[in-house]
Amino acid sequence: MTKTSERTPMDWDQRFRDETTPWERQGLHPAFQDWRDNGAFDDVARVIVPGCGRSHELQAFAAQGKAAIGADLSETALAWQKAHLEKAGLSAELIEADILLWRPDAPLDAVYEQTFLCAIPPRLREEYEQAVHAWLKPGGKLFALFMQKEEPGGPPYGCAIPAMQDLFPEDRWVWPDGEPVPYPHPSLSGKPELATILTRR
Ligand SMILES: C[S@@+](CC[C@H](N)C(=O)[O-])C[C@H]1O[C@@H](n2cnc3c(N)ncnc32)[C@H](O)[C@@H]1O
């Protein structure tokens with residue numbers, strides 16, 4: 001599969017093979033747990049985790065009985081997902097692809113985003129927004145965790161809220177009332193991820 005390309009300068013598979021993965025949380029993201037515990041996923045039947053890497057949320061969605069799709073460029077990460085799903089007696093669809101170019105056969109209810117948008121080159125952000133909009137049914141949800149980082153460069157590239165409001169405009173997305181909730185990242189210098197749920201119009 002793609003190792004390095006114009007679209008994806010980072011060799012993500014090598015990062016997994018080298019175990020240089022500082023973005024990884026050792027367990028479920030606390031925002032995921034809060035959303036799950038307050039019923040935010042209750043209406044979700046089919047969900048994609050783009051750039052799932054070796055994150056645990058894919059299995060957690062499968063454990064809740066959701067039709068879960070995990071997508072990543074990295075065959076190493078997807079092999080990890082496959083092994084852990086099998087060990088837990090769970091199943092999910094695994095797609096090895098540049099997921100921004102993928103479209104589902106039927107619209108999805110939800111997208112769960114965790115350190116993926118901040119990982120892709122910023123020039124692909126509009127493509128990301130178009131992809132997520134195309135994946136979701138009207139009323140579908142983007143569970144977003146926007147990485148906050150003021151220093152230039154990346155990955156991770158900062159996803160400041162004003163930039164996100166431009167990327168996900170009001171004529172295509174409903175932003176909730178109230179401020180996004182900060183969740184400091186345990187290993188990326190405590191950088192906060194801001195949790196919010198956008199609704200596709
Ligand atoms: C920073 S890691 C985050 C992984 C995971 N979401 C987590 O929280 O541990 C970014 C992930 O996105 C994947 N990725 C980057 N560009 C991608 C693309 N265009 N399509 C699919 N996956 C991609 C990488 O292989 C990597 O697993």
# chains A, B, ... in the order shown; residues from 1 in each chain; ligands from 1
>>> residues_around(residues="Glu127 in chain A", least_positions_apart="5", cutoff="12 Å", atoms="only C-alpha atoms", output="ChimeraX atom specification")
/A:7,98-102,117,120-122,132-134,167-168
>>> write_last_selection(atoms="C-alpha atoms", output="PDB file, in the first residue's frame")
ATOM      1  CA  ARG A   7      -0.697  13.297  -1.028  1.00  0.00           C
ATOM      2  CA  ASP A  98      -6.545   6.743   1.012  1.00  0.00           C
ATOM      3  CA  ILE A  99      -9.933   7.187   2.593  1.00  0.00           C
ATOM      4  CA  LEU A 100     -10.481  10.711   1.296  1.00  0.00           C
ATOM      5  CA  LEU A 101     -10.999   9.132  -2.136  1.00  0.00           C
ATOM      6  CA  TRP A 102     -13.483   6.492  -0.869  1.00  0.00           C
ATOM      7  CA  LEU A 117      -7.744  15.712  10.384  1.00  0.00           C
ATOM      8  CA  ILE A 120      -3.258  15.078   6.983  1.00  0.00           C
ATOM      9  CA  PRO A 121      -1.526  17.874   5.068  1.00  0.00           C
ATOM     10  CA  PRO A 122      -3.597  21.056   5.454  1.00  0.00           C
ATOM     11  CA  VAL A 132     -17.067  13.527   5.279  1.00  0.00           C
ATOM     12  CA  HIS A 133     -20.058  15.428   3.893  1.00  0.00           C
ATOM     13  CA  ALA A 134     -20.431  12.857   1.106  1.00  0.00           C
ATOM     14  CA  LEU A 167     -13.850  24.528   6.840  1.00  0.00           C
ATOM     15  CA  PHE A 168     -17.256  23.306   8.064  1.00  0.00           C
TER      16      PHE A 168
END
>>> residues_around(residues="Ser189 in chain A", least_positions_apart="2", cutoff="12 Å", atoms="only C-alpha atoms", output="ChimeraX atom specification")
/A:22-23,147-149,156,184-187,191-193
>>> closest_atom_pairs(of="chain A", to="ligand 1", cutoff="6 Å", atoms="only C-alpha atoms and all ligand atoms", output="Markdown table")
| residue | atom | partner | partner_atom_place_in_ligand_line | distance |
| --- | --- | --- | --- | --- |
| A:Trp12 | CA | ligand 1 | 25 (O) | 4.5 |
| A:Trp23 | CA | ligand 1 | 1 (C) | 5.5 |
| A:Glu24 | CA | ligand 1 | 9 (O) | 4.3 |
| A:Gly51 | CA | ligand 1 | 12 (O) | 3.5 |
| A:Cys52 | CA | ligand 1 | 6 (N) | 4.1 |
| A:Gly53 | CA | ligand 1 | 27 (O) | 3.5 |
| A:Arg54 | CA | ligand 1 | 9 (O) | 5.4 |
| A:Ser55 | CA | ligand 1 | 9 (O) | 4.2 |
| A:Ala71 | CA | ligand 1 | 21 (C) | 5.8 |
| A:Asp72 | CA | ligand 1 | 22 (N) | 3.5 |
| A:Leu73 | CA | ligand 1 | 22 (N) | 4.3 |
| A:Ser74 | CA | ligand 1 | 25 (O) | 4.7 |
| A:Ala97 | CA | ligand 1 | 21 (C) | 5.7 |
| A:Asp98 | CA | ligand 1 | 20 (N) | 3.5 |
| A:Ile99 | CA | ligand 1 | 20 (N) | 4.1 |
| A:Leu100 | CA | ligand 1 | 19 (N) | 5.6 |
| A:Gln114 | CA | ligand 1 | 6 (N) | 4.8 |
| A:Thr115 | CA | ligand 1 | 3 (C) | 4.7 |
| A:Phe116 | CA | ligand 1 | 10 (C) | 4.8 |
| A:Ala119 | CA | ligand 1 | 1 (C) | 5.2 |
| A:Ile120 | CA | ligand 1 | 16 (N) | 5.4 |
>>> select_by_dssp(residues="range 4-193 of chain A", states="strand (DSSP E)", output="MDAnalysis selection string")
chainID A and resid 46:50 67:72 93:96 108:112 136:147 173:174 181:184 192:193
>>> closest_residue(among="A:Leu136, A:Leu188, A:Phe146, A:Glu179", to="Arg201 in chain A", atoms="only C-alpha atoms")
A:Leu136
>>> residues_around(residues="Ala92 in chain A", least_positions_apart="5", cutoff="10 Å", atoms="only C-alpha atoms", output="list in words")
Ile48, Leu58, Gln59, Phe61, Ala62, Ala63, Gly65, Lys66, Ala67, Ala68, Ile69, Gly70, Gln81, Lys82, Leu85 and Glu86 of chain A
>>> write_last_selection(atoms="C-alpha atoms", output="tab-separated table (two decimals), in the first residue's frame")
chain	number	residue	atom	x	y	z
A	48	ILE	CA	-16.63	5.10	10.09
A	58	LEU	CA	-13.33	0.96	16.39
A	59	GLN	CA	-13.61	-2.11	18.61
A	61	PHE	CA	-18.22	0.73	18.34
A	62	ALA	CA	-18.29	-2.92	17.22
A	63	ALA	CA	-18.85	-3.99	20.82
A	65	GLY	CA	-23.35	-3.56	17.94
A	66	LYS	CA	-22.65	-0.83	15.42
A	67	ALA	CA	-21.67	-1.59	11.83
A	68	ALA	CA	-18.23	-0.09	12.19
A	69	ILE	CA	-15.76	0.71	9.44
A	70	GLY	CA	-12.10	1.27	10.19
A	81	GLN	CA	-7.20	-3.91	14.29
A	82	LYS	CA	-8.04	-7.24	12.64
A	85	LEU	CA	-11.21	-7.59	16.73
A	86	GLU	CA	-10.81	-11.33	16.25
>>> atom_distance(atom1="CA of Pro107 in chain A", atom2="CA of Leu94 in chain A")
16.9 Å
>>> residues_around(residues="Phe16 in chain A", least_positions_apart="5", cutoff="8 Å", atoms="only C-alpha atoms", output="list in words")
Thr21, Thr76 and Ala77 of chain A
>>> closest_residue(among="A:Val44, A:Leu142, A:Val49, A:Ile161", to="Gln64 in chain A", atoms="only C-alpha atoms")
A:Val44
>>> select_by_dssp(residues="range 2-187 of chain A", states="helix (DSSP H, G or I)", output="PyMOL selection string")
chain A and resi 12-18+30-37+57-63+75-88+99-101+122-135+161-167
>>> residues_around(residues="Glu150 in chain A", least_positions_apart="4", cutoff="10 Å", atoms="only C-alpha atoms", output="short mmCIF file (atom, residue, chain, number, x, y, z; two decimals) with all heavy atoms, in the first residue's frame")
data_model
loop_
_atom_site.label_atom_id
_atom_site.label_comp_id
_atom_site.auth_asym_id
_atom_site.auth_seq_id
_atom_site.Cartn_x
_atom_site.Cartn_y
_atom_site.Cartn_z
N TYR A 157 -1.10 19.07 12.76
CA TYR A 157 -1.37 20.45 12.36
C TYR A 157 -2.54 20.95 13.19
O TYR A 157 -3.55 20.25 13.33
CB TYR A 157 -1.73 20.52 10.87
CG TYR A 157 -0.63 20.03 9.96
CD1 TYR A 157 -0.61 18.72 9.50
CD2 TYR A 157 0.40 20.88 9.55
CE1 TYR A 157 0.39 18.26 8.65
CE2 TYR A 157 1.41 20.43 8.70
CZ TYR A 157 1.40 19.12 8.26
OH TYR A 157 2.41 18.68 7.43
N GLY A 158 -2.39 22.17 13.70
CA GLY A 158 -3.44 22.71 14.56
C GLY A 158 -4.76 22.89 13.82
O GLY A 158 -4.78 23.21 12.63
N CYS A 159 -5.83 22.66 14.55
CA CYS A 159 -7.19 22.79 14.01
C CYS A 159 -7.94 23.81 14.87
O CYS A 159 -8.88 23.45 15.62
CB CYS A 159 -7.90 21.45 14.04
SG CYS A 159 -7.10 20.16 13.04
N ALA A 160 -7.52 25.06 14.78
CA ALA A 160 -8.15 26.12 15.58
C ALA A 160 -9.63 26.26 15.18
O ALA A 160 -9.98 26.04 14.02
CB ALA A 160 -7.42 27.44 15.36
N LYS A 191 -1.50 18.84 24.67
CA LYS A 191 -2.29 19.70 23.77
C LYS A 191 -3.77 19.29 23.86
O LYS A 191 -4.09 18.11 23.82
CB LYS A 191 -1.81 19.55 22.33
CG LYS A 191 -0.45 20.14 22.08
CD LYS A 191 -0.05 19.98 20.64
CE LYS A 191 1.28 20.66 20.37
NZ LYS A 191 2.35 20.24 21.28
#
>>> residues_around(residues="Gly140 in chain A", least_positions_apart="2", cutoff="6 Å", atoms="only C-alpha atoms", output="NGL selection string")
:A and (109-110 or 136-138 or 199-200)
